[in-house]
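Asker: Contents of structure-v4.txt (compact mmCIF, N, CA and C atoms) are below:
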# COMPACT_ATOMS: atom_id res chain seq x y z
N MET A 1 39.75 -63.12 29.41
CA MET A 1 40.17 -62.70 30.72
C MET A 1 41.55 -63.28 31.01
N THR A 2 42.46 -62.43 31.51
CA THR A 2 43.82 -62.86 31.80
C THR A 2 43.88 -63.47 33.19
N ARG A 3 44.53 -64.60 33.27
CA ARG A 3 44.65 -65.27 34.55
C ARG A 3 46.02 -64.97 35.14
N VAL A 4 46.06 -64.59 36.39
CA VAL A 4 47.31 -64.25 37.08
C VAL A 4 47.59 -65.33 38.11
N THR A 5 48.81 -65.84 38.09
CA THR A 5 49.20 -66.82 39.10
C THR A 5 50.26 -66.19 39.99
N LEU A 6 50.09 -66.34 41.27
CA LEU A 6 51.05 -65.80 42.22
C LEU A 6 52.18 -66.79 42.43
N PRO A 7 53.40 -66.30 42.65
CA PRO A 7 54.51 -67.22 42.88
C PRO A 7 54.36 -67.95 44.21
N THR A 8 54.89 -69.14 44.25
CA THR A 8 54.85 -69.91 45.50
C THR A 8 55.83 -69.31 46.49
N THR A 9 55.75 -69.73 47.73
CA THR A 9 56.65 -69.24 48.77
C THR A 9 58.10 -69.51 48.40
N ARG A 10 58.38 -70.69 47.89
CA ARG A 10 59.75 -71.05 47.49
C ARG A 10 60.24 -70.14 46.37
N GLU A 11 59.38 -69.86 45.40
CA GLU A 11 59.75 -68.97 44.29
C GLU A 11 60.00 -67.55 44.79
N ARG A 12 59.19 -67.09 45.75
CA ARG A 12 59.39 -65.74 46.30
C ARG A 12 60.71 -65.64 47.04
N ARG A 13 61.04 -66.66 47.83
CA ARG A 13 62.32 -66.65 48.56
C ARG A 13 63.49 -66.65 47.59
N ALA A 14 63.41 -67.44 46.54
CA ALA A 14 64.48 -67.48 45.54
C ALA A 14 64.61 -66.14 44.85
N ALA A 15 63.50 -65.50 44.53
CA ALA A 15 63.53 -64.20 43.88
C ALA A 15 64.13 -63.15 44.81
N GLN A 16 63.84 -63.23 46.10
CA GLN A 16 64.39 -62.27 47.05
C GLN A 16 65.89 -62.38 47.16
N THR A 17 66.41 -63.60 47.15
CA THR A 17 67.86 -63.74 47.25
C THR A 17 68.55 -63.34 45.96
N LEU A 18 67.91 -63.56 44.82
CA LEU A 18 68.51 -63.18 43.55
C LEU A 18 68.38 -61.69 43.29
N ASN A 19 67.28 -61.11 43.68
CA ASN A 19 67.03 -59.71 43.38
C ASN A 19 66.52 -59.03 44.65
N GLU A 20 67.34 -58.20 45.26
CA GLU A 20 66.97 -57.55 46.52
C GLU A 20 66.17 -56.28 46.31
N GLU A 21 65.66 -56.02 45.11
CA GLU A 21 64.87 -54.82 44.86
C GLU A 21 63.54 -54.94 45.59
N ARG A 22 63.30 -53.98 46.47
CA ARG A 22 62.04 -53.98 47.20
C ARG A 22 61.80 -52.59 47.75
N PHE A 23 60.57 -52.35 48.20
CA PHE A 23 60.21 -51.09 48.82
C PHE A 23 60.56 -51.15 50.30
N ILE A 24 61.06 -50.04 50.83
CA ILE A 24 61.31 -49.96 52.26
C ILE A 24 60.63 -48.70 52.79
N ARG A 25 60.12 -48.79 54.00
CA ARG A 25 59.41 -47.68 54.63
C ARG A 25 60.41 -46.74 55.31
N LEU A 26 59.91 -45.62 55.77
CA LEU A 26 60.74 -44.58 56.35
C LEU A 26 61.60 -45.10 57.50
N ALA A 27 61.04 -45.91 58.38
CA ALA A 27 61.80 -46.43 59.53
C ALA A 27 63.05 -47.18 59.07
N GLU A 28 62.90 -47.98 58.02
CA GLU A 28 64.05 -48.74 57.52
C GLU A 28 65.04 -47.82 56.80
N VAL A 29 64.54 -46.80 56.11
CA VAL A 29 65.42 -45.82 55.47
C VAL A 29 66.25 -45.12 56.54
N LEU A 30 65.61 -44.70 57.62
CA LEU A 30 66.32 -44.05 58.72
C LEU A 30 67.40 -44.95 59.29
N ALA A 31 67.07 -46.22 59.51
CA ALA A 31 68.03 -47.17 60.08
C ALA A 31 69.15 -47.48 59.09
N THR A 32 68.85 -47.50 57.80
CA THR A 32 69.83 -47.86 56.80
C THR A 32 70.85 -46.75 56.56
N CYS A 33 70.36 -45.52 56.39
CA CYS A 33 71.28 -44.45 55.98
C CYS A 33 71.77 -43.61 57.15
N GLY A 34 71.14 -43.67 58.30
CA GLY A 34 71.62 -42.94 59.46
C GLY A 34 71.27 -41.47 59.48
N LYS A 35 70.45 -41.02 58.55
CA LYS A 35 70.03 -39.62 58.54
C LYS A 35 68.78 -39.45 59.40
N SER A 36 68.51 -38.22 59.78
CA SER A 36 67.27 -37.95 60.52
C SER A 36 66.13 -37.79 59.53
N ARG A 37 64.92 -37.85 60.04
CA ARG A 37 63.73 -37.72 59.20
C ARG A 37 63.74 -36.37 58.49
N SER A 38 64.03 -35.30 59.22
CA SER A 38 64.02 -33.97 58.61
C SER A 38 65.12 -33.82 57.57
N SER A 39 66.28 -34.45 57.79
CA SER A 39 67.36 -34.39 56.81
C SER A 39 67.00 -35.13 55.53
N ILE A 40 66.27 -36.22 55.68
CA ILE A 40 65.84 -36.98 54.49
C ILE A 40 64.90 -36.12 53.65
N TYR A 41 63.89 -35.52 54.28
CA TYR A 41 62.94 -34.72 53.52
C TYR A 41 63.57 -33.44 52.97
N GLU A 42 64.55 -32.89 53.67
CA GLU A 42 65.28 -31.74 53.16
C GLU A 42 66.10 -32.15 51.92
N GLY A 43 66.74 -33.33 51.99
CA GLY A 43 67.49 -33.84 50.85
C GLY A 43 66.60 -34.11 49.64
N ILE A 44 65.41 -34.60 49.89
CA ILE A 44 64.45 -34.84 48.80
C ILE A 44 64.10 -33.51 48.13
N LYS A 45 63.84 -32.50 48.96
CA LYS A 45 63.48 -31.18 48.45
C LYS A 45 64.61 -30.57 47.62
N GLU A 46 65.86 -30.77 48.07
CA GLU A 46 67.03 -30.24 47.37
C GLU A 46 67.44 -31.10 46.18
N GLY A 47 66.91 -32.31 46.10
CA GLY A 47 67.28 -33.23 45.02
C GLY A 47 68.54 -34.00 45.28
N THR A 48 68.97 -34.07 46.55
CA THR A 48 70.19 -34.80 46.89
C THR A 48 69.91 -36.16 47.53
N PHE A 49 68.66 -36.49 47.73
CA PHE A 49 68.28 -37.79 48.30
C PHE A 49 67.12 -38.33 47.48
N PRO A 50 67.09 -39.65 47.25
CA PRO A 50 66.01 -40.21 46.42
C PRO A 50 64.62 -39.97 47.01
N ALA A 51 63.69 -39.64 46.15
CA ALA A 51 62.32 -39.40 46.57
C ALA A 51 61.57 -40.72 46.73
N PRO A 52 60.58 -40.75 47.61
CA PRO A 52 59.80 -41.98 47.77
C PRO A 52 58.86 -42.19 46.58
N VAL A 53 58.37 -43.41 46.47
CA VAL A 53 57.41 -43.78 45.43
C VAL A 53 56.04 -43.84 46.08
N LYS A 54 55.06 -43.18 45.49
CA LYS A 54 53.69 -43.25 46.00
C LYS A 54 53.14 -44.63 45.71
N LEU A 55 52.65 -45.29 46.73
CA LEU A 55 52.11 -46.64 46.54
C LEU A 55 50.59 -46.61 46.39
N GLN A 56 49.93 -46.01 47.36
CA GLN A 56 48.47 -45.96 47.32
C GLN A 56 48.01 -44.95 48.36
N GLY A 57 47.14 -44.04 47.97
CA GLY A 57 46.63 -43.06 48.92
C GLY A 57 47.75 -42.24 49.53
N ARG A 58 47.87 -42.30 50.85
CA ARG A 58 48.92 -41.57 51.55
C ARG A 58 50.15 -42.42 51.80
N SER A 59 50.17 -43.62 51.28
CA SER A 59 51.27 -44.56 51.51
C SER A 59 52.39 -44.37 50.49
N SER A 60 53.61 -44.33 50.99
CA SER A 60 54.76 -44.23 50.10
C SER A 60 55.93 -45.00 50.70
N ALA A 61 56.89 -45.32 49.87
CA ALA A 61 58.08 -46.07 50.30
C ALA A 61 59.21 -45.76 49.34
N TRP A 62 60.42 -46.12 49.74
CA TRP A 62 61.60 -45.90 48.92
C TRP A 62 62.05 -47.21 48.31
N LEU A 63 62.70 -47.12 47.15
CA LEU A 63 63.33 -48.30 46.56
C LEU A 63 64.64 -48.53 47.30
N LYS A 64 64.84 -49.72 47.79
CA LYS A 64 66.04 -50.05 48.55
C LYS A 64 67.29 -49.78 47.73
N SER A 65 67.25 -50.11 46.44
CA SER A 65 68.42 -49.93 45.59
C SER A 65 68.79 -48.46 45.44
N GLU A 66 67.80 -47.56 45.41
CA GLU A 66 68.09 -46.14 45.29
C GLU A 66 68.76 -45.59 46.55
N VAL A 67 68.31 -46.05 47.72
CA VAL A 67 68.92 -45.62 48.98
C VAL A 67 70.35 -46.15 49.05
N GLN A 68 70.56 -47.40 48.66
CA GLN A 68 71.90 -47.97 48.68
C GLN A 68 72.81 -47.26 47.68
N HIS A 69 72.27 -46.90 46.52
CA HIS A 69 73.05 -46.17 45.52
C HIS A 69 73.45 -44.80 46.07
N TRP A 70 72.53 -44.11 46.77
CA TRP A 70 72.84 -42.82 47.38
C TRP A 70 73.98 -42.98 48.39
N MET A 71 73.91 -44.03 49.22
CA MET A 71 74.97 -44.28 50.21
C MET A 71 76.31 -44.51 49.53
N GLN A 72 76.30 -45.31 48.46
CA GLN A 72 77.54 -45.59 47.74
C GLN A 72 78.10 -44.32 47.10
N ALA A 73 77.23 -43.46 46.59
CA ALA A 73 77.67 -42.19 46.01
C ALA A 73 78.33 -41.31 47.07
N CYS A 74 77.82 -41.32 48.30
CA CYS A 74 78.42 -40.55 49.38
C CYS A 74 79.83 -41.06 49.69
N VAL A 75 79.99 -42.38 49.71
CA VAL A 75 81.29 -42.97 49.99
C VAL A 75 82.26 -42.64 48.86
N THR A 76 81.81 -42.75 47.63
CA THR A 76 82.66 -42.45 46.47
C THR A 76 83.07 -40.98 46.49
N ALA A 77 82.14 -40.09 46.80
CA ALA A 77 82.46 -38.66 46.85
C ALA A 77 83.48 -38.37 47.94
N ARG A 78 83.37 -39.05 49.07
CA ARG A 78 84.32 -38.84 50.16
C ARG A 78 85.72 -39.29 49.75
N ARG A 79 85.80 -40.41 49.06
CA ARG A 79 87.11 -40.93 48.64
C ARG A 79 87.76 -40.07 47.58
N SER A 80 86.97 -39.45 46.71
CA SER A 80 87.54 -38.69 45.61
C SER A 80 87.63 -37.19 45.89
N ALA A 81 87.17 -36.75 47.07
CA ALA A 81 87.19 -35.32 47.39
C ALA A 81 88.63 -34.87 47.63
N PRO A 82 89.04 -33.75 46.99
CA PRO A 82 90.40 -33.26 47.23
C PRO A 82 90.53 -32.76 48.65
N GLY A 83 91.63 -33.11 49.29
CA GLY A 83 91.87 -32.68 50.66
C GLY A 83 91.10 -33.44 51.70
N ALA A 84 90.42 -34.50 51.29
CA ALA A 84 89.66 -35.29 52.26
C ALA A 84 90.63 -36.03 53.17
N ILE A 85 90.27 -36.13 54.41
CA ILE A 85 91.12 -36.83 55.37
C ILE A 85 90.93 -38.33 55.17
N GLN A 86 92.00 -38.98 54.82
CA GLN A 86 91.97 -40.42 54.61
C GLN A 86 92.58 -41.10 55.82
N ALA A 87 91.95 -42.10 56.33
CA ALA A 87 92.50 -42.86 57.44
C ALA A 87 93.63 -43.73 56.93
N PRO A 88 94.71 -43.85 57.70
CA PRO A 88 95.81 -44.71 57.26
C PRO A 88 95.35 -46.16 57.25
N PRO A 89 96.00 -46.99 56.43
CA PRO A 89 95.62 -48.40 56.40
C PRO A 89 95.83 -49.05 57.77
N MET A 90 94.98 -49.99 58.08
CA MET A 90 95.07 -50.69 59.36
C MET A 90 96.30 -51.59 59.37
N GLN A 91 96.95 -51.68 60.53
CA GLN A 91 98.09 -52.55 60.69
C GLN A 91 97.78 -53.58 61.76
N THR A 92 98.26 -54.78 61.54
CA THR A 92 98.07 -55.84 62.52
C THR A 92 99.27 -55.86 63.45
N VAL A 93 99.01 -55.84 64.73
CA VAL A 93 100.08 -55.85 65.72
C VAL A 93 99.93 -57.10 66.57
N ALA A 94 101.02 -57.82 66.72
CA ALA A 94 100.99 -59.04 67.53
C ALA A 94 101.31 -58.67 68.97
N ALA A 95 100.47 -59.07 69.88
CA ALA A 95 100.68 -58.81 71.30
C ALA A 95 101.16 -60.10 71.95
N THR A 96 102.49 -60.26 72.02
CA THR A 96 103.03 -61.50 72.54
C THR A 96 103.59 -61.36 73.95
N ASP A 97 104.40 -60.35 74.21
CA ASP A 97 105.05 -60.20 75.51
C ASP A 97 104.50 -59.00 76.27
N LEU A 98 103.24 -59.03 76.57
CA LEU A 98 102.62 -57.95 77.32
C LEU A 98 102.57 -58.33 78.79
N THR A 99 103.56 -57.88 79.54
CA THR A 99 103.61 -58.20 80.97
C THR A 99 103.42 -56.97 81.83
N THR A 100 103.45 -55.80 81.25
CA THR A 100 103.31 -54.56 82.01
C THR A 100 101.84 -54.30 82.28
N ARG A 101 101.53 -53.99 83.51
CA ARG A 101 100.17 -53.66 83.88
C ARG A 101 100.12 -52.18 84.25
N VAL A 102 99.06 -51.54 83.88
CA VAL A 102 98.89 -50.13 84.18
C VAL A 102 97.89 -50.01 85.31
N LYS A 103 98.30 -49.29 86.36
CA LYS A 103 97.42 -49.09 87.49
C LYS A 103 96.86 -47.68 87.38
N HIS A 104 95.56 -47.57 87.33
CA HIS A 104 94.91 -46.27 87.21
C HIS A 104 94.73 -45.67 88.60
N GLN A 105 95.23 -44.44 88.74
CA GLN A 105 95.10 -43.73 90.00
C GLN A 105 93.83 -42.87 89.96
N PRO A 106 93.04 -42.84 91.01
CA PRO A 106 91.86 -41.98 91.01
C PRO A 106 92.28 -40.52 90.93
N ALA A 107 91.52 -39.73 90.21
CA ALA A 107 91.87 -38.31 90.02
C ALA A 107 91.48 -37.46 91.18
When written as structure tokens, how does the structure in this file appear?
Answerer:
Amino acid sequence: MTRVTLPTTRERRAAQTLNEERFIRLAEVLATCGKSRSSIYEGIKEGTFPAPVKLQGRSSAWLKSEVQHWMQACVTARRSAPGAIQAPPMQTVAATDLTTRVKHQPA
């Protein structure tokens, strides 16, 4: 008979910081990627969004790394798309002599 030992709390915390691979539920997927529930399932059907993993019975979850990889692919595609609107680089402006005040008139 094979004996299984579970990691201690300290070992689990260390593993979490070293390896962020974990399952996330739909609520966290929605919060992470900013898509709606229907858009996520439409993307799964089209093959443009990662499919969930069946855990047990009716329970399923997504791999966090796959959702993050999808997000990174969207950013990469935006940067490499021809004709994509690129924001100009940010410039730092020093506000030293600002003495003018603007008075807003009611419309």
Asker: Please provide as an MDAnalysis selection string all residues within 12 Å of region 69-78 of chain A, with the sequence filter that same-chain residues fewer than 3 positions apart are discarded (counting only C-alpha atoms).
Answerer: chainID A and resid 21 29 32:35 40 43:44 47:51 62:66 81:87
Asker: Just how far from CA of Val53 (chain A) is atom N of Ile24 (chain A), in Å to one decimal?
Answerer: 9.0 Å
Asker: State, in Å with one decimal place, the distance from CA of Ser38 (chain A) to atom N of Arg79 (chain A).
Answerer: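 Atom-to-atom, CA of Ser38 (chain A) to atom N of Arg79 (chain A), that is 24.6 Å.
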